[in-house]
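Written out below as structure tokens is the structure these notes cover.
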Amino acid sequence: MKKLVAVVLLVAILVMTGCMTHVHVIGTGGKGGAVEQARQWYILWGLVPLNNVDTRTMAGGAKDYTIKTEISPMDFLLNIFTSWVTVYSRTVEVTR
């Protein structure tokens, strides 16, 4: 019984650490017309960015847009294979 509880707790911890999302609204926010996505890569457990995702450029000069950064299910799957070398990713999405 104790092994079952330990396994259930371990699975719950792994599942709950999955996806997270941050949303930033610029101006009145995006209206849902154009959506652009990019993947941000980090090394050393997220301390050092490997590439630069410029959300202002992704917005294409729009005054009103929404930025959503998340660890999506795809990022989660990628991170399973890349985390052993301390490489992590997250998805950045700009909606105009």
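Ligands are numbered from 1 in the order shown, residues from 1 within each chain, and chains are lettered A, B, ... in the order they appear in the structure tokens.
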
Members of chain A assigned helix (DSSP H, G or I) by DSSP, as JSON, numbers by chain:
{"A": [2, 3, 4, 5, 6, 7, 8, 9, 10, 11, 12, 13, 14, 15, 16, 55, 56, 57, 58, 59, 73, 74, 75, 76, 77, 78, 79, 80, 81, 82, 83, 84, 85]}

Only N, CA and C atoms, please: the residues just picked out, written as a tab-separated table (two decimals), in the first residue's frame.
```tsv
chain	number	residue	atom	x	y	z
A	2	LYS	N	1.97	1.22	0.76
A	2	LYS	CA	2.85	2.38	0.82
A	2	LYS	C	3.51	2.64	-0.54
A	3	LYS	N	3.82	1.58	-1.27
A	3	LYS	CA	4.41	1.75	-2.59
A	3	LYS	C	3.41	2.40	-3.54
A	4	LEU	N	2.15	2.01	-3.44
A	4	LEU	CA	1.12	2.59	-4.29
A	4	LEU	C	0.97	4.08	-4.02
A	5	VAL	N	0.95	4.45	-2.75
A	5	VAL	CA	0.84	5.87	-2.38
A	5	VAL	C	2.04	6.64	-2.90
A	6	ALA	N	3.23	6.06	-2.77
A	6	ALA	CA	4.44	6.72	-3.26
A	6	ALA	C	4.40	6.91	-4.77
A	7	VAL	N	3.94	5.90	-5.49
A	7	VAL	CA	3.85	6.00	-6.95
A	7	VAL	C	2.82	7.04	-7.35
A	8	VAL	N	1.67	7.06	-6.70
A	8	VAL	CA	0.63	8.05	-7.01
A	8	VAL	C	1.14	9.45	-6.73
A	9	LEU	N	1.83	9.65	-5.62
A	9	LEU	CA	2.40	10.97	-5.30
A	9	LEU	C	3.44	11.39	-6.34
A	10	LEU	N	4.30	10.47	-6.74
A	10	LEU	CA	5.32	10.78	-7.74
A	10	LEU	C	4.69	11.17	-9.07
A	11	VAL	N	3.70	10.42	-9.51
A	11	VAL	CA	3.01	10.73	-10.77
A	11	VAL	C	2.30	12.08	-10.66
A	12	ALA	N	1.66	12.36	-9.53
A	12	ALA	CA	0.97	13.64	-9.34
A	12	ALA	C	1.95	14.80	-9.40
A	13	ILE	N	3.11	14.65	-8.78
A	13	ILE	CA	4.12	15.71	-8.80
A	13	ILE	C	4.62	15.95	-10.22
A	14	LEU	N	4.88	14.88	-10.95
A	14	LEU	CA	5.35	15.03	-12.33
A	14	LEU	C	4.30	15.67	-13.23
A	15	VAL	N	3.04	15.32	-13.04
A	15	VAL	CA	1.97	15.88	-13.87
A	15	VAL	C	1.73	17.34	-13.52
A	16	MET	N	1.77	17.69	-12.25
A	16	MET	CA	1.47	19.05	-11.83
A	16	MET	C	2.57	20.04	-12.19
A	55	THR	N	9.55	40.00	-29.09
A	55	THR	CA	8.10	40.08	-29.21
A	55	THR	C	7.65	41.36	-29.91
A	56	ARG	N	8.42	42.42	-29.79
A	56	ARG	CA	8.06	43.66	-30.48
A	56	ARG	C	8.13	43.47	-31.99
A	57	THR	N	9.15	42.77	-32.47
A	57	THR	CA	9.26	42.46	-33.89
A	57	THR	C	8.15	41.51	-34.32
A	58	MET	N	7.84	40.53	-33.47
A	58	MET	CA	6.76	39.59	-33.77
A	58	MET	C	5.41	40.30	-33.88
A	59	ALA	N	5.24	41.39	-33.11
A	59	ALA	CA	3.98	42.14	-33.15
A	59	ALA	C	3.85	42.95	-34.43
A	73	PRO	N	2.60	21.53	-23.94
A	73	PRO	CA	2.84	20.08	-23.92
A	73	PRO	C	4.00	19.66	-24.82
A	74	MET	N	4.16	20.32	-25.97
A	74	MET	CA	5.28	19.99	-26.86
A	74	MET	C	6.61	20.36	-26.21
A	75	ASP	N	6.66	21.53	-25.55
A	75	ASP	CA	7.87	21.91	-24.82
A	75	ASP	C	8.18	20.90	-23.72
A	76	PHE	N	7.13	20.47	-23.03
A	76	PHE	CA	7.30	19.48	-21.96
A	76	PHE	C	7.94	18.21	-22.50
A	77	LEU	N	7.45	17.74	-23.65
A	77	LEU	CA	8.02	16.53	-24.25
A	77	LEU	C	9.46	16.75	-24.69
A	78	LEU	N	9.73	17.91	-25.31
A	78	LEU	CA	11.11	18.22	-25.71
A	78	LEU	C	12.04	18.28	-24.50
A	79	ASN	N	11.54	18.89	-23.42
A	79	ASN	CA	12.36	19.06	-22.22
A	79	ASN	C	12.70	17.73	-21.56
A	80	ILE	N	11.85	16.73	-21.73
A	80	ILE	CA	12.16	15.41	-21.19
A	80	ILE	C	13.48	14.90	-21.78
A	81	PHE	N	13.67	15.13	-23.08
A	81	PHE	CA	14.86	14.61	-23.75
A	81	PHE	C	16.06	15.55	-23.68
A	82	THR	N	15.83	16.85	-23.51
A	82	THR	CA	16.95	17.80	-23.50
A	82	THR	C	17.37	18.24	-22.11
A	83	SER	N	16.57	17.96	-21.10
A	83	SER	CA	16.89	18.46	-19.76
A	83	SER	C	18.14	17.82	-19.16
A	84	TRP	N	18.50	16.64	-19.60
A	84	TRP	CA	19.70	16.00	-19.04
A	84	TRP	C	20.97	16.74	-19.41
A	85	VAL	N	20.91	17.60	-20.44
A	85	VAL	CA	22.04	18.47	-20.76
A	85	VAL	C	21.69	19.92	-20.42
```

If we count only C-alpha atoms, what is near Trp45 in chain A at a cut-off of 8 Å, once residues fewer than 3 positions away on the same chain are taken out, given as a VMD selection string?
chain A and resid 42 48 83 86 to 88

Out of A:Asp54, A:Glu70, A:Glu93, A:Glu36, which residue has the shortest atom-to-atom distance to Thr21 in chain A when counting only C-alpha atoms?
A:Glu70

Min atom-atom distance to Asn51 in chain A from the set A:Thr66, A:Ser72, A:Thr95, A:Ser89, counting only C-alpha atoms, belongs to A:Ser89

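Reported to one decimal place, the separation of CA of Gly27 in chain A from CA of Leu50 in chain A is 29.0 Å.
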
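The smallest atom-to-atom distance between Arg39 in chain A and any of A:Val53, A:Ile26, A:Ala62, A:Ile67, using only C-alpha atoms, is found for A:Val53.
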
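CA of Lys63 in chain A is found 26.7 Å from CA of Trp41 in chain A.
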
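Note that the spacing between CA of Lys68 in chain A and CA of Leu47 in chain A amounts to 19.8 Å.
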
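The closest residue to Gly60 in chain A, picked from A:Gly30, A:Arg96, A:Val25, A:Ala38 and counting only C-alpha atoms, is A:Arg96.
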
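Candidate residues A:Met20, A:Met1, A:Ile71, A:Val94 were compared for distance to Gln40 in chain A, and the nearest is A:Ile71, using only C-alpha atoms.
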